[in-house]
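Pasted below: work-v2.txt, compact mmCIF, C-alpha atoms.
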```txt
# COMPACT_ATOMS: atom_id res chain seq x y z
CA MET A 1 -104.45 -7.15 -35.52
CA ARG A 2 -105.20 -8.95 -32.25
CA SER A 3 -107.67 -11.89 -32.12
CA THR A 4 -110.05 -11.85 -29.25
CA ILE A 5 -111.42 -14.93 -27.60
CA SER A 6 -113.55 -14.66 -24.57
CA GLY A 7 -111.28 -14.69 -21.47
CA TYR A 8 -108.06 -14.95 -23.56
CA THR A 9 -105.89 -12.44 -25.25
CA ALA A 10 -103.62 -13.77 -27.98
CA LEU A 11 -99.95 -12.48 -28.03
CA PRO A 12 -98.51 -11.21 -31.21
CA LYS A 13 -95.57 -13.20 -32.79
CA ALA A 14 -92.85 -10.77 -31.60
CA HIS A 15 -93.98 -11.06 -28.00
CA LYS A 16 -93.93 -14.84 -28.24
CA ILE A 17 -90.28 -14.82 -29.37
CA SER A 18 -89.26 -12.59 -26.44
CA ALA A 19 -90.95 -14.85 -23.96
CA THR A 20 -89.25 -17.86 -25.40
CA ALA A 21 -85.81 -16.19 -25.01
CA VAL A 22 -86.49 -15.47 -21.35
CA LEU A 23 -87.34 -19.09 -20.70
CA VAL A 24 -84.20 -20.32 -22.44
CA ALA A 25 -81.98 -17.98 -20.39
CA ALA A 26 -83.56 -19.08 -17.15
CA GLY A 27 -82.97 -22.70 -18.03
CA ALA A 28 -79.30 -22.08 -18.77
CA ALA A 29 -78.80 -20.42 -15.40
CA VAL A 30 -80.34 -23.41 -13.62
CA ALA A 31 -78.11 -25.79 -15.56
CA LEU A 32 -74.91 -23.85 -14.71
CA ALA A 33 -75.78 -23.80 -11.02
CA ALA A 34 -76.11 -27.56 -11.13
CA VAL A 35 -72.54 -28.14 -12.46
CA PRO A 36 -70.29 -29.46 -9.63
CA ALA A 37 -67.09 -27.56 -8.52
CA THR A 38 -64.80 -30.18 -9.95
CA ALA A 39 -66.21 -29.59 -13.38
CA ALA A 40 -65.45 -25.87 -13.10
CA GLU A 41 -61.84 -26.67 -12.17
CA THR A 42 -61.45 -28.96 -15.19
CA THR A 43 -62.41 -26.13 -17.45
CA GLY A 44 -59.11 -24.29 -16.51
CA VAL A 45 -60.45 -21.75 -14.02
CA LYS A 46 -58.05 -21.55 -10.98
CA THR A 47 -59.13 -20.71 -7.47
CA VAL A 48 -57.92 -17.61 -5.63
CA ALA A 49 -55.65 -19.72 -3.38
CA GLN A 50 -53.98 -21.29 -6.38
CA ASN A 51 -53.34 -17.87 -7.96
CA ALA A 52 -51.85 -16.54 -4.68
CA GLY A 53 -49.52 -19.54 -4.40
CA SER A 54 -48.27 -19.10 -7.94
CA PHE A 55 -47.61 -15.39 -7.32
CA GLY A 56 -45.64 -16.22 -4.16
CA GLU A 57 -43.47 -18.71 -6.03
CA THR A 58 -42.70 -16.12 -8.68
CA GLN A 59 -41.75 -13.55 -6.04
CA GLN A 60 -39.45 -16.04 -4.26
CA ALA A 61 -37.74 -16.89 -7.55
CA GLU A 62 -37.06 -13.21 -8.21
CA LEU A 63 -35.73 -12.77 -4.65
CA ASP A 64 -33.42 -15.78 -5.03
CA LYS A 65 -32.17 -14.43 -8.32
CA ALA A 66 -31.41 -11.01 -6.79
CA THR A 67 -29.67 -12.65 -3.81
CA ASP A 68 -27.51 -14.79 -6.10
CA ALA A 69 -26.54 -11.69 -8.10
CA ALA A 70 -25.61 -9.79 -4.92
CA VAL A 71 -23.50 -12.70 -3.65
CA ALA A 72 -21.74 -12.99 -7.01
CA GLN A 73 -21.02 -9.24 -7.02
CA ALA A 74 -19.63 -9.37 -3.48
CA GLN A 75 -17.42 -12.34 -4.37
CA ALA A 76 -16.15 -10.54 -7.48
CA THR A 77 -15.37 -7.40 -5.45
CA ALA A 78 -13.55 -9.41 -2.78
CA LYS A 79 -11.54 -11.26 -5.44
CA ALA A 80 -10.60 -7.97 -7.12
CA LYS A 81 -9.34 -6.59 -3.79
CA THR A 82 -7.41 -9.78 -3.07
CA ASP A 83 -5.84 -9.72 -6.54
CA ALA A 84 -4.88 -6.05 -6.14
CA ALA A 85 -3.32 -6.71 -2.72
CA LYS A 86 -1.37 -9.66 -4.11
CA ALA A 87 -0.15 -7.54 -7.04
CA ASP A 88 1.05 -4.84 -4.60
CA GLN A 89 2.79 -7.49 -2.51
CA ASP A 90 4.46 -8.95 -5.61
CA ARG A 91 5.69 -5.49 -6.69
CA ALA A 92 7.06 -4.81 -3.20
CA SER A 93 8.78 -8.19 -3.18
CA ARG A 94 10.38 -7.53 -6.58
CA SER A 95 11.55 -4.09 -5.39
CA THR A 96 13.14 -5.70 -2.32
CA GLU A 97 14.85 -8.30 -4.47
CA ARG A 98 16.20 -5.62 -6.83
CA ALA A 99 17.44 -3.59 -3.87
CA ALA A 100 19.18 -6.69 -2.49
CA LEU A 101 20.87 -7.34 -5.83
CA LYS A 102 21.94 -3.72 -6.27
CA PRO A 103 25.61 -3.22 -5.41
CA ALA A 104 26.16 -1.47 -2.12
CA ALA A 105 26.99 2.19 -2.50
CA LYS A 106 30.61 3.01 -1.98
CA PRO A 107 31.27 4.91 1.23
CA ALA A 108 31.67 8.61 0.69
CA ALA A 109 35.22 9.81 0.53
CA PRO A 110 36.26 11.66 3.66
CA ALA A 111 36.09 15.42 3.38
CA LYS A 112 39.35 16.96 2.27
CA LYS A 113 41.20 18.55 5.16
CA ALA A 114 41.40 22.31 4.98
CA TYR A 115 44.54 24.25 5.73
CA ALA A 116 45.08 27.97 6.26
CA ASP A 117 46.86 29.76 3.43
CA ASN A 118 49.70 30.99 5.62
CA LEU A 119 52.97 29.68 7.07
CA ASP A 120 51.20 27.76 9.81
CA GLY A 121 48.86 26.06 7.29
CA TRP A 122 51.71 25.30 4.84
CA ILE A 123 53.82 23.63 7.51
CA LYS A 124 50.87 21.56 8.83
CA GLN A 125 49.90 20.41 5.33
CA SER A 126 53.51 19.49 4.55
CA MET A 127 53.81 17.56 7.82
CA ASP A 128 50.72 15.46 6.96
CA ILE A 129 52.29 14.56 3.61
CA LEU A 130 55.67 13.80 5.22
CA SER A 131 53.98 11.62 7.84
CA ALA A 132 52.15 9.65 5.14
CA LYS A 133 55.46 9.09 3.34
CA GLY A 134 57.35 8.19 6.51
CA ILE A 135 59.67 11.22 6.34
CA PRO A 136 60.63 12.61 9.79
CA ALA A 137 60.22 16.30 10.64
CA SER A 138 58.74 18.42 13.41
CA TYR A 139 56.73 21.63 13.26
CA ASP A 140 59.33 23.54 15.28
CA GLY A 141 62.25 22.22 13.23
CA ILE A 142 60.61 23.26 9.96
CA LYS A 143 59.52 26.70 11.17
CA ARG A 144 62.93 27.49 12.69
CA ASN A 145 64.72 26.77 9.39
CA VAL A 146 62.10 28.59 7.30
CA MET A 147 62.50 31.76 9.34
CA ARG A 148 66.30 31.62 9.04
CA GLU A 149 66.32 30.92 5.30
CA SER A 150 63.49 33.18 3.98
CA THR A 151 61.71 34.83 6.92
CA GLY A 152 58.55 33.08 5.68
CA ASN A 153 58.55 34.53 2.14
CA PRO A 154 57.62 31.77 -0.38
CA ARG A 155 58.96 33.92 -3.29
CA ALA A 156 62.39 34.51 -1.73
CA ILE A 157 65.42 33.94 -3.99
CA ASN A 158 69.19 34.15 -3.28
CA ASP A 159 70.98 35.82 -6.14
CA TRP A 160 74.41 36.34 -4.54
CA ASP A 161 75.70 33.02 -3.00
CA VAL A 162 77.78 30.39 -4.76
CA ASN A 163 74.68 28.65 -6.09
CA ALA A 164 73.57 31.89 -7.69
CA VAL A 165 77.04 32.36 -9.15
CA ASN A 166 76.75 28.88 -10.64
CA GLY A 167 73.35 29.75 -12.16
CA VAL A 168 71.22 27.73 -9.78
CA PRO A 169 70.06 30.19 -7.09
CA SER A 170 68.33 28.97 -3.94
CA LYS A 171 64.54 29.55 -3.97
CA GLY A 172 61.47 29.51 -1.78
CA LEU A 173 60.78 29.08 1.92
CA LEU A 174 63.69 26.74 2.60
CA GLN A 175 66.03 28.04 -0.13
CA ILE A 176 66.38 24.85 -2.14
CA ILE A 177 67.97 24.79 -5.62
CA ASP A 178 66.15 23.43 -8.68
CA PRO A 179 68.19 20.18 -9.13
CA THR A 180 67.72 19.21 -5.46
CA PHE A 181 64.01 20.11 -5.57
CA LYS A 182 63.47 17.86 -8.60
CA ALA A 183 65.52 15.02 -7.10
CA TYR A 184 63.61 15.03 -3.77
CA HIS A 185 60.19 16.12 -5.03
CA VAL A 186 57.46 14.28 -3.11
CA GLU A 187 54.60 12.78 -5.10
CA GLY A 188 51.30 14.55 -4.62
CA THR A 189 52.80 18.02 -4.36
CA SER A 190 53.27 20.70 -7.00
CA TRP A 191 56.29 20.76 -9.31
CA ASP A 192 56.49 24.53 -8.81
CA ILE A 193 59.52 25.21 -6.58
CA TYR A 194 57.86 28.37 -5.28
CA ASP A 195 54.80 26.44 -4.08
CA PRO A 196 55.19 26.64 -0.28
CA VAL A 197 54.00 23.09 0.54
CA ALA A 198 56.03 21.51 -2.27
CA ASN A 199 59.13 23.51 -1.26
CA ILE A 200 58.91 22.51 2.42
CA THR A 201 58.20 18.84 1.64
CA ALA A 202 61.06 18.42 -0.86
CA SER A 203 63.49 20.26 1.45
CA CYS A 204 62.52 18.01 4.41
CA ALA A 205 62.96 14.90 2.24
CA TYR A 206 66.47 16.11 1.32
CA ALA A 207 67.33 16.98 4.95
CA ALA A 208 66.09 13.59 6.17
CA ASP A 209 68.30 11.87 3.59
CA LYS A 210 71.40 13.94 4.37
CA TYR A 211 71.02 14.78 8.09
CA GLY A 212 68.34 12.40 9.44
CA SER A 213 65.72 15.14 9.80
CA MET A 214 65.12 18.84 9.22
CA ASP A 215 65.30 19.09 13.03
CA ASN A 216 69.04 18.45 12.78
CA VAL A 217 69.63 21.38 10.41
CA ASN A 218 70.80 24.56 12.13
CA SER A 219 72.52 26.38 9.28
CA ALA A 220 72.85 26.40 5.51
CA TYR A 221 72.46 22.95 4.16
```
So that I can check it, write out the structure of this file as structure tokens.
Amino acid sequence: MRSTISGYTALPKAHKISATAVLVAAGAAVALAAVPATAAETTGVKTVAQNAGSFGETQQAELDKATDAAVAQAQATAKAKTDAAKADQDRASRSTERAALKPAAKPAAPAKKAYADNLDGWIKQSMDILSAKGIPASYDGIKRNVMRESTGNPRAINDWDVNAVNGVPSKGLLQIIDPTFKAYHVEGTSWDIYDPVANITASCAYAADKYGSMDNVNSAY
């Protein structure tokens, strides 16, 4: 219930409390405005410039860290390449050393000379063997005696002369008997008396010993 005094209206208690709160708030605002800037700084509140500087320092630190990592990675990659190149060089050097220590390959043996399987080839092959052994004979001297003795038949055999009567018939291209063939057999030729090259070579060795050369033989020998 409101009290009424002439020219004055009394406020209820609740309204008085509200008014008091408004006055207190106004006073606090005035007091805060009166606090100097240095006091605000001492309370731990940083200025915008300070915050920007701190952010820039953080960014630079992160950039430096990333740069250091990139440099380290590049150095590691370069070292890996250098190590790999050195390893390849070492392997090549060891291969060269092994090749230098390896015995030189023996030269290939010369290809074996081929001869025709006929009278011409048999005489030429026999002449090469005779030449290597230092036994004289000529192509014409050999062929002339072959044609007289067997007409070029390597299987020819004389079964009627004195040698045949004595059980040792003359055989082959140059009609040589077994004992003479064995005595004058030339190393490197066949032991078969009917072998044309062996027969010619042994006969020429015998003729060279007895007559100086097959060239000097013009009849039975």
Å distance separating CA of Tyr206 (chain A) from CA of Tyr184 (chain A), one decimal place: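 So the answer is 5.9 Å.
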Interatomic distance, CA of Arg94 (chain A) to CA of Thr77 (chain A) (Å, one decimal):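 CA of Thr77 (chain A) lies at a distance of 25.8 Å from CA of Arg94 (chain A).
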Gap from CA of Asn216 (chain A) to CA of Asn145 (chain A) - Å, one decimal: 10.0 Å
Which residue of A:Ala66, A:Ala207, A:Ala220, A:Met127 approaches Asp161 (chain A) most closely, using only C-alpha atoms: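 Of the candidates, the smallest distance to Asp161 (chain A) is held by A:Ala220.
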Near-Ile129 (chain A) list (9 Å; only C-alpha atoms; drop same-chain fewer than 6 positions) as a list in words: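 Here the qualifying residues turn out to be Ile135, Val186, Gly188, Thr189 and Thr201 of chain A.
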Could you please take those selected residues and save C-alpha atoms as a CSV table (one decimal), in the coordinates of the input?
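And here is the file that came out, again_29.csv:
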```csv
chain,number,residue,atom,x,y,z
A,135,ILE,CA,59.7,11.2,6.3
A,186,VAL,CA,57.5,14.3,-3.1
A,188,GLY,CA,51.3,14.6,-4.6
A,189,THR,CA,52.8,18.0,-4.4
A,201,THR,CA,58.2,18.8,1.6
```
Using all atoms of region 110-121 of chain A listed in the file and a margin of 5 Å per side, can you give the axis-aligned box centre and edge lengths in Å to one decimal, as AutoDock Vina command-line options?
```
--center_x 44.5 --center_y 21.3 --center_z 6.0 --size_x 26.9 --size_y 29.3 --size_z 17.5
```
Residue with smallest distance to Leu173 (chain A) - pool A:Asp140, A:Asp209, A:Leu119, A:Ser131, counting only C-alpha atoms: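 Ranked by minimum distance to Leu173 (chain A), first place goes to A:Leu119.
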Selection: 8 Å around Pro136 (chain A), only C-alpha atoms, excl. self and same-chain fewer than 3 positions, as a PyMOL selection string: chain A and resi 130-131+204+208+212-214
Residues within 10 Å of (67.1, 15.0, -4.4), file coords, only C-alpha atoms, listed as a count of residues only: 17
Val197 (chain A) surroundings by all atoms listed in the file, 6 Å radius, close-in-sequence under 2 positions cut, as a PyMOL selection string: chain A and resi 122+126+195+199-200
